[in-house]
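Novice: Quick one: structure below, then a few questions.
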Amino acid sequence: MNPSSFFILRPVATTLSMLAIFSCGVVSFAFLPVSALPTVDYPIIEVWTFYPGASPEVTESAITTPLERQLGQMPGLNQMSSTSSAGVSIITLQFSLDIALDVAEQQAQAAINAVQNLLPNDLPTPPTYSKINPADAPVLTLSVTSETLPLERLQEIADTRLAQKLSQVAGVGFVGIGGGKRPAVRVKVNPNAAAAYGLDLDDLRTIIGNANVNTPKGSFAGPARAYAINANDQLKNAEQYGGIVVAYRNGAPVRLAEVASIVEGAENEYLSAWSNTTPAIILDVRRQPGANVIAVVDSVKAMLPRLEAALPAGVDVSVLTDRTTTIRASVRDVEYDLCLAILLVVVVIFVFLGDLRATSIPSLSAPLSLVGSFAGMSLLGFSVNNLTLLALTIATGFVVDDSIVMMENIARHLERGKSPLEASLVGSKQIGFTILSLTASLIAVLIPLLFMSDVIGRLFREFALTLAVTILVSAVVSLTLVPMLCARVMRPEMDRPGRTRSRGFDAIVRFYARLLDAVLERQGLTLVVAAAGFVAAASLYVAIPKGFFPLQDVGVIYGVSTAPGDISFVAMAERQQVLAKVILADPDVESLSSFIGVDGVNTTLNSGRFLINLKPHGQRSAKAVEVARRIAQRSENVSGIALHLHS
């Protein structure tokens, strides 16, 4: 039985089938998401609990410990870490990759509900949790600054006019706000004045809470009409809070302004962010899982001019970090290498075959196999990234092998005097099983990669399956399109003895034969050289540095600043600014953003973060590693704080 005969005898159907594969690949490529690496969604959940005024010891004993005992009983939990700082407890839960993130979320919610009665009764809010993916860094970082408006006003603008609008862009999953100064009214009680009226802090807190509510007011109902009383008694500014009556003494009301100073400020005064050295609100734009990162960033940038036009005068929005710059460059370079690999393969085939008509067959089959694999990538939910493009580049040699094997066997029968059609039928029947066995053996090599576990397995699964899909498509093309083209393109005279190509190959074969004879005559020396090569390879394997991925210069340096544990927030902010000036003084640094305070990344008040953006490669004198080393040396002169950098 010859599966290729059906396609050889039906060239129109074969051509249309190949065009269908090519069209599906082209359409699928247009919709494939683009990213630097395959998406690995780790099921990680962070549980936050705020307990204002509590020391780290109290936070640990009263909140962190009870939560850890309950959360630690969840099935599928691989790792649990916690941090207890002044007034904040943060517990990070890392689940097995086999656990769906939604299932982990339900388990965390059930555990939090079960431990509620063991937590302090005066918690301002119950413990909250959020799903995070530490591998999914922000694709775009924006800064909102103003020389005229306070940060509280900038926070409101960034939240209501920017973050909400950007969240509606297709592909945007979440827009985080860093350094936020959410507006609030702060009541600073004078203990002496309150004691003079017989009031304490608990009394005032209860009175303020009862006064600032929006409860039903009732209604009026008559014989013909009814009216609902709709009066909003919520308080909105410091002046309204000052008029609250907190007590009656000697028949006269005592108002809150008489026992406390009331100011409008920030809800959390221990959060600050800077763009370079200017106080700012930082917006981190994160994409949805599987979204095209380049399309998301382009859509956000296209919307920014319209959003900026609607902002108050004096508000500036600038792009601090764009991760797609390096992603575009890396994907573009790999695509160039892929096209270059295809061109080189075609050139090599032409050199060996010596005929343009024969070269046209693998020249068509190789791109068709690679483009057709995009359809399989789309069905499998993969993305265009460095690893999948690497798989396609490696597969370029494999997809040509099948075509060459088929062509050579058909050419053998042409040399024996058969017609092109007869030679294609006989040759494809003989070589069909060989191509199937080659395909099976190549895919078998990839099986260990498919069974790798944890993050490495998730990363290389797309590489292995993309390579396997490409090899399968190549086998299909080699069994269908290639023999059909051989029956209509190849001619008996192409492989006739005496051609220049044959004389050139004869010279190569004679040279190889002489080398082989020399090696066979010195078998002992050959074994010694082979053993020495093995020992050298083993020693080099031990000596060569090892790592998860090669170091890449993406033009961004991440920094963490650490100060003594007893440092105040004001002193931490001052030292952070000194470090920022030291970093900006480096000639290869373009801009930076920094942050201090307790949020999803920072867990203590004595630590801060830096995101340092370097100039483009052509405009700076050193690589990112060298710049980081240079900045670290200069930061050692700043007393009271340490800076740790990594690129």
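Starting from 1 in every chain, residues are counted up; chains themselves are A, B, ... following the order of the structure tokens, and ligands are numbered from 1 as listed.
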Would you mind listing what lies within 9 Å of Val47 (chain A) as a list of chain:residue names, with only C-alpha atoms counted and same-chain residues fewer than 4 positions away left out?

Specialist: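 Using only C-alpha atoms, the neighbours found are A:Ser89, A:Ile90, A:Ile91, A:Thr92, A:Leu93, A:Ala108, A:Ile112, A:Pro127, A:Thr128, A:Tyr129, A:Ser130.
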
Novice: Emit the selected residues as an mmCIF file, in the first residue's frame, including N, CA, C and O atoms.

Specialist:
data_model
loop_
_atom_site.group_PDB
_atom_site.id
_atom_site.type_symbol
_atom_site.label_atom_id
_atom_site.label_comp_id
_atom_site.auth_asym_id
_atom_site.auth_seq_id
_atom_site.Cartn_x
_atom_site.Cartn_y
_atom_site.Cartn_z
ATOM 1 N N SER A 89 0.295 41.802 58.042
ATOM 2 C CA SER A 89 0.674 40.398 57.928
ATOM 3 C C SER A 89 0.448 39.968 56.492
ATOM 4 O O SER A 89 -0.651 40.147 55.938
ATOM 5 N N ILE A 90 1.492 39.394 55.871
ATOM 6 C CA ILE A 90 1.418 38.945 54.485
ATOM 7 C C ILE A 90 1.824 37.479 54.436
ATOM 8 O O ILE A 90 2.925 37.127 54.867
ATOM 9 N N ILE A 91 0.949 36.638 53.937
ATOM 10 C CA ILE A 91 1.209 35.205 53.810
ATOM 11 C C ILE A 91 1.113 34.843 52.333
ATOM 12 O O ILE A 91 0.097 35.119 51.685
ATOM 13 N N THR A 92 2.165 34.229 51.813
ATOM 14 C CA THR A 92 2.219 33.830 50.405
ATOM 15 C C THR A 92 2.058 32.321 50.316
ATOM 16 O O THR A 92 2.818 31.570 50.936
ATOM 17 N N LEU A 93 1.077 31.881 49.538
ATOM 18 C CA LEU A 93 0.770 30.462 49.377
ATOM 19 C C LEU A 93 1.097 30.045 47.950
ATOM 20 O O LEU A 93 0.569 30.624 46.990
ATOM 21 N N ALA A 108 -8.435 28.844 49.783
ATOM 22 C CA ALA A 108 -7.951 29.933 50.634
ATOM 23 C C ALA A 108 -9.112 30.674 51.283
ATOM 24 O O ALA A 108 -9.054 31.024 52.473
ATOM 25 N N ILE A 112 -9.770 31.017 55.341
ATOM 26 C CA ILE A 112 -9.885 32.327 56.002
ATOM 27 C C ILE A 112 -11.195 32.420 56.778
ATOM 28 O O ILE A 112 -11.235 32.929 57.911
ATOM 29 N N PRO A 127 -9.207 39.489 56.762
ATOM 30 C CA PRO A 127 -8.099 39.183 55.845
ATOM 31 C C PRO A 127 -8.585 39.119 54.400
ATOM 32 O O PRO A 127 -9.656 38.593 54.107
ATOM 33 N N THR A 128 -7.798 39.669 53.513
ATOM 34 C CA THR A 128 -8.106 39.661 52.083
ATOM 35 C C THR A 128 -7.025 38.883 51.342
ATOM 36 O O THR A 128 -5.895 38.758 51.823
ATOM 37 N N TYR A 129 -7.373 38.367 50.181
ATOM 38 C CA TYR A 129 -6.411 37.605 49.388
ATOM 39 C C TYR A 129 -6.481 38.062 47.936
ATOM 40 O O TYR A 129 -7.478 38.662 47.487
ATOM 41 N N SER A 130 -5.421 37.792 47.231
ATOM 42 C CA SER A 130 -5.363 38.139 45.810
ATOM 43 C C SER A 130 -4.555 37.090 45.081
ATOM 44 O O SER A 130 -3.613 36.511 45.626
#

Novice: Env of Ser403 (chain A): 12 Å cut, atoms = only C-alpha atoms, seq-sep filter 5 positions within chain, self excluded. Answer as a short mmCIF file (atom, residue, chain, number, x, y, z; two decimals) with N, CA, C and O atoms, in the first residue's frame.

Specialist:
data_model
loop_
_atom_site.label_atom_id
_atom_site.label_comp_id
_atom_site.auth_asym_id
_atom_site.auth_seq_id
_atom_site.Cartn_x
_atom_site.Cartn_y
_atom_site.Cartn_z
N VAL A 346 18.15 26.22 1.61
CA VAL A 346 17.84 26.17 0.18
C VAL A 346 19.12 26.29 -0.64
O VAL A 346 19.32 25.58 -1.65
N ILE A 349 21.03 23.04 -0.48
CA ILE A 349 20.36 22.04 -1.32
C ILE A 349 20.68 22.28 -2.80
O ILE A 349 20.96 21.33 -3.55
N ALA A 358 14.91 20.96 -9.22
CA ALA A 358 14.88 20.07 -8.07
C ALA A 358 14.92 20.85 -6.76
O ALA A 358 14.30 20.46 -5.77
N THR A 359 15.67 21.95 -6.77
CA THR A 359 15.77 22.76 -5.54
C THR A 359 14.43 23.38 -5.18
O THR A 359 14.14 23.64 -4.00
N SER A 360 13.58 23.63 -6.17
CA SER A 360 12.29 24.26 -5.89
C SER A 360 11.39 23.38 -5.02
O SER A 360 10.52 23.90 -4.31
N ILE A 361 11.60 22.07 -5.05
CA ILE A 361 10.72 21.18 -4.28
C ILE A 361 10.94 21.36 -2.78
O ILE A 361 9.99 21.66 -2.04
N PRO A 362 12.17 21.19 -2.25
CA PRO A 362 12.34 21.46 -0.81
C PRO A 362 12.18 22.92 -0.46
O PRO A 362 11.86 23.26 0.69
N SER A 363 12.39 23.81 -1.45
CA SER A 363 12.19 25.23 -1.18
C SER A 363 10.73 25.54 -0.89
O SER A 363 10.42 26.50 -0.19
N LEU A 364 9.82 24.74 -1.43
CA LEU A 364 8.40 24.90 -1.13
C LEU A 364 7.99 24.11 0.11
O LEU A 364 7.18 24.59 0.92
N SER A 365 8.53 22.92 0.27
CA SER A 365 8.09 22.07 1.38
C SER A 365 8.55 22.59 2.73
O SER A 365 7.82 22.49 3.72
N ALA A 366 9.76 23.17 2.81
CA ALA A 366 10.26 23.64 4.11
C ALA A 366 9.43 24.80 4.66
O ALA A 366 8.94 24.74 5.80
N PRO A 367 9.22 25.90 3.89
CA PRO A 367 8.37 26.97 4.44
C PRO A 367 6.94 26.51 4.72
O PRO A 367 6.33 26.97 5.69
N LEU A 368 6.42 25.62 3.88
CA LEU A 368 5.06 25.14 4.10
C LEU A 368 4.96 24.39 5.43
O LEU A 368 3.99 24.56 6.18
N SER A 369 5.96 23.57 5.74
CA SER A 369 5.94 22.83 7.00
C SER A 369 6.02 23.78 8.19
O SER A 369 5.34 23.60 9.20
N THR A 396 14.04 23.51 10.98
CA THR A 396 14.31 23.79 9.57
C THR A 396 15.12 22.67 8.92
O THR A 396 14.86 22.26 7.78
N GLY A 397 16.12 22.17 9.65
CA GLY A 397 16.91 21.06 9.11
C GLY A 397 16.13 19.77 9.04
O GLY A 397 16.30 18.98 8.09
N PHE A 398 15.24 19.53 10.02
CA PHE A 398 14.46 18.29 10.02
C PHE A 398 13.46 18.24 8.87
O PHE A 398 13.29 17.19 8.23
N GLU A 408 15.65 11.83 -3.20
CA GLU A 408 16.79 10.99 -3.60
C GLU A 408 16.33 9.60 -4.04
O GLU A 408 16.87 9.03 -5.00
N ASN A 409 15.35 9.06 -3.35
CA ASN A 409 14.88 7.72 -3.74
C ASN A 409 14.15 7.76 -5.08
O ASN A 409 14.28 6.85 -5.91
N ILE A 410 13.39 8.82 -5.31
CA ILE A 410 12.71 8.96 -6.61
C ILE A 410 13.74 9.18 -7.71
O ILE A 410 13.63 8.62 -8.82
N SER A 428 8.14 6.61 -3.74
CA SER A 428 7.39 7.01 -2.55
C SER A 428 6.90 5.80 -1.77
O SER A 428 6.82 5.83 -0.53
N ILE A 431 9.92 4.49 0.25
CA ILE A 431 10.49 5.37 1.28
C ILE A 431 9.45 5.85 2.29
O ILE A 431 9.79 6.50 3.28
N GLY A 432 8.17 5.54 2.06
CA GLY A 432 7.13 6.02 2.96
C GLY A 432 7.32 5.56 4.39
O GLY A 432 7.22 6.34 5.35
N THR A 434 10.07 4.62 5.75
CA THR A 434 11.28 5.25 6.30
C THR A 434 10.98 6.63 6.87
O THR A 434 11.45 6.99 7.95
N ILE A 435 10.18 7.41 6.15
CA ILE A 435 9.83 8.74 6.63
C ILE A 435 9.00 8.65 7.91
O ILE A 435 9.20 9.42 8.86
N LEU A 438 11.41 7.78 10.68
CA LEU A 438 12.20 8.95 11.05
C LEU A 438 11.39 9.93 11.90
O LEU A 438 11.87 10.47 12.90
N ILE A 471 7.55 18.64 12.88
CA ILE A 471 8.03 17.39 12.30
C ILE A 471 6.86 16.60 11.70
O ILE A 471 6.98 15.99 10.62
N VAL A 473 3.99 17.86 10.54
CA VAL A 473 3.57 18.54 9.31
C VAL A 473 4.56 18.26 8.20
O VAL A 473 4.18 18.06 7.03
N SER A 474 5.85 18.23 8.53
CA SER A 474 6.86 17.93 7.53
C SER A 474 6.67 16.53 6.95
O SER A 474 6.83 16.32 5.73
N ALA A 475 6.34 15.55 7.81
CA ALA A 475 6.11 14.20 7.31
C ALA A 475 4.92 14.16 6.35
O ALA A 475 4.95 13.49 5.31
N VAL A 476 3.85 14.89 6.71
CA VAL A 476 2.68 14.94 5.83
C VAL A 476 3.04 15.56 4.48
O VAL A 476 2.66 15.05 3.41
N VAL A 477 3.79 16.66 4.52
CA VAL A 477 4.18 17.32 3.27
C VAL A 477 5.09 16.42 2.45
O VAL A 477 4.97 16.34 1.21
N SER A 478 6.00 15.72 3.10
CA SER A 478 6.93 14.85 2.38
C SER A 478 6.24 13.66 1.74
O SER A 478 6.71 13.13 0.73
N LEU A 479 5.13 13.22 2.32
CA LEU A 479 4.40 12.07 1.77
C LEU A 479 3.33 12.49 0.76
O LEU A 479 2.75 11.61 0.11
N THR A 480 3.08 13.77 0.63
CA THR A 480 2.01 14.22 -0.27
C THR A 480 2.53 15.17 -1.34
O THR A 480 2.56 14.85 -2.53
N LEU A 481 2.97 16.34 -0.92
CA LEU A 481 3.37 17.37 -1.88
C LEU A 481 4.67 17.01 -2.60
O LEU A 481 4.77 17.18 -3.83
N VAL A 482 5.66 16.52 -1.87
CA VAL A 482 6.98 16.27 -2.48
C VAL A 482 6.91 15.23 -3.59
O VAL A 482 7.40 15.48 -4.72
N PRO A 483 6.32 14.05 -3.38
CA PRO A 483 6.26 13.09 -4.51
C PRO A 483 5.42 13.60 -5.66
O PRO A 483 5.70 13.29 -6.83
N MET A 484 4.36 14.36 -5.35
CA MET A 484 3.55 14.91 -6.45
C MET A 484 4.37 15.88 -7.29
O MET A 484 4.32 15.86 -8.54
N LEU A 485 5.18 16.74 -6.65
CA LEU A 485 6.02 17.67 -7.40
C LEU A 485 7.14 16.93 -8.14
O LEU A 485 7.51 17.32 -9.26
N CYS A 486 7.67 15.88 -7.54
CA CYS A 486 8.71 15.11 -8.22
C CYS A 486 8.17 14.50 -9.52
O CYS A 486 8.89 14.42 -10.53
#

Novice: Which is closest to Gly265 (chain A) among A:Leu527, A:Ile244, A:Val348, A:Leu151, if we use only C-alpha atoms?

Specialist: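 Of A:Leu527, A:Ile244, A:Val348, A:Leu151, the one nearest Gly265 (chain A) is A:Leu151, counting only C-alpha atoms.
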
Novice: Which of region 192-417 of chain A end up as strand (DSSP E or B) when DSSP is run on this backbone - answer as a ChimeraX atom specification?

Specialist: /A:219-221,226-228,245-249,252-255,260-266,271-275,278-279,281-287,315-322,384

Novice: Within 12 Å of Ala313 (chain A), counting only C-alpha atoms, which residues show up once you throw out same-chain ones fewer than 4 positions away? Write them as a list in words, please.

Specialist: Thr145, Ser146, Glu147, Thr148, Leu149, Leu154, Ile157, Glu308, Ala309 and Val317 of chain A

Novice: Which of these residues is nearest to Leu584 (chain A), using only C-alpha atoms: A:Ser5, A:Thr325, A:Phe610, A:Leu77?

Specialist: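 For Leu584 (chain A), the nearest of the candidates is A:Phe610.
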
Novice: Would you kindly return, as a list in words, each protein, DNA or RNA residue with an atom no farther than 7 Å from any atom of Ser647 (chain A), considering only C-alpha atoms and excluding same-chain residues fewer than 2 positions away?

Specialist: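 These residues fall inside the cut-off: Val556, Ile557, Tyr558, Ala624, Val625 and Leu645 of chain A.
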
Novice: Next, the residues of the selection above should be written as a compact mmCIF listing (two decimals), in the first residue's frame with all heavy atoms.

Specialist:
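Result file selection.txt:
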# COMPACT_ATOMS: atom_id res chain seq x y z
N VAL A 556 16.97 46.87 31.55
CA VAL A 556 16.29 47.19 32.81
C VAL A 556 17.06 46.54 33.95
O VAL A 556 17.48 45.38 33.85
CB VAL A 556 14.83 46.70 32.81
CG1 VAL A 556 14.17 46.98 34.16
CG2 VAL A 556 14.04 47.38 31.70
N ILE A 557 17.26 47.29 35.03
CA ILE A 557 17.91 46.79 36.23
C ILE A 557 16.93 46.94 37.39
O ILE A 557 16.33 48.01 37.58
CB ILE A 557 19.21 47.54 36.53
CG1 ILE A 557 20.21 47.36 35.38
CG2 ILE A 557 19.84 47.07 37.84
CD1 ILE A 557 21.48 48.17 35.56
N TYR A 558 16.77 45.87 38.15
CA TYR A 558 15.89 45.88 39.31
C TYR A 558 16.75 46.03 40.57
O TYR A 558 17.80 45.39 40.70
CB TYR A 558 15.08 44.59 39.40
CG TYR A 558 14.19 44.36 38.21
CD1 TYR A 558 14.64 43.62 37.12
CD2 TYR A 558 12.90 44.89 38.16
CE1 TYR A 558 13.83 43.42 36.01
CE2 TYR A 558 12.09 44.69 37.07
CZ TYR A 558 12.56 43.95 35.99
OH TYR A 558 11.76 43.75 34.90
N ALA A 624 24.30 45.80 30.81
CA ALA A 624 23.51 46.01 32.03
C ALA A 624 24.24 45.48 33.27
O ALA A 624 24.18 46.09 34.34
CB ALA A 624 22.14 45.33 31.88
N VAL A 625 24.93 44.34 33.13
CA VAL A 625 25.64 43.77 34.28
C VAL A 625 26.74 44.71 34.75
O VAL A 625 26.92 44.94 35.96
CB VAL A 625 26.22 42.39 33.92
CG1 VAL A 625 27.03 41.83 35.06
CG2 VAL A 625 25.09 41.43 33.54
N LEU A 645 21.28 44.97 43.39
CA LEU A 645 20.83 45.11 42.01
C LEU A 645 20.93 43.78 41.28
O LEU A 645 21.80 42.96 41.57
CB LEU A 645 21.68 46.15 41.27
CG LEU A 645 21.68 47.58 41.85
CD1 LEU A 645 22.71 48.43 41.13
CD2 LEU A 645 20.30 48.21 41.74

Novice: How many Å lie between CA of Ile327 (chain A) and CA of Arg630 (chain A), rounded to one decimal?

Specialist: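 Atom-to-atom, CA of Ile327 (chain A) to CA of Arg630 (chain A), that is 25.8 Å.
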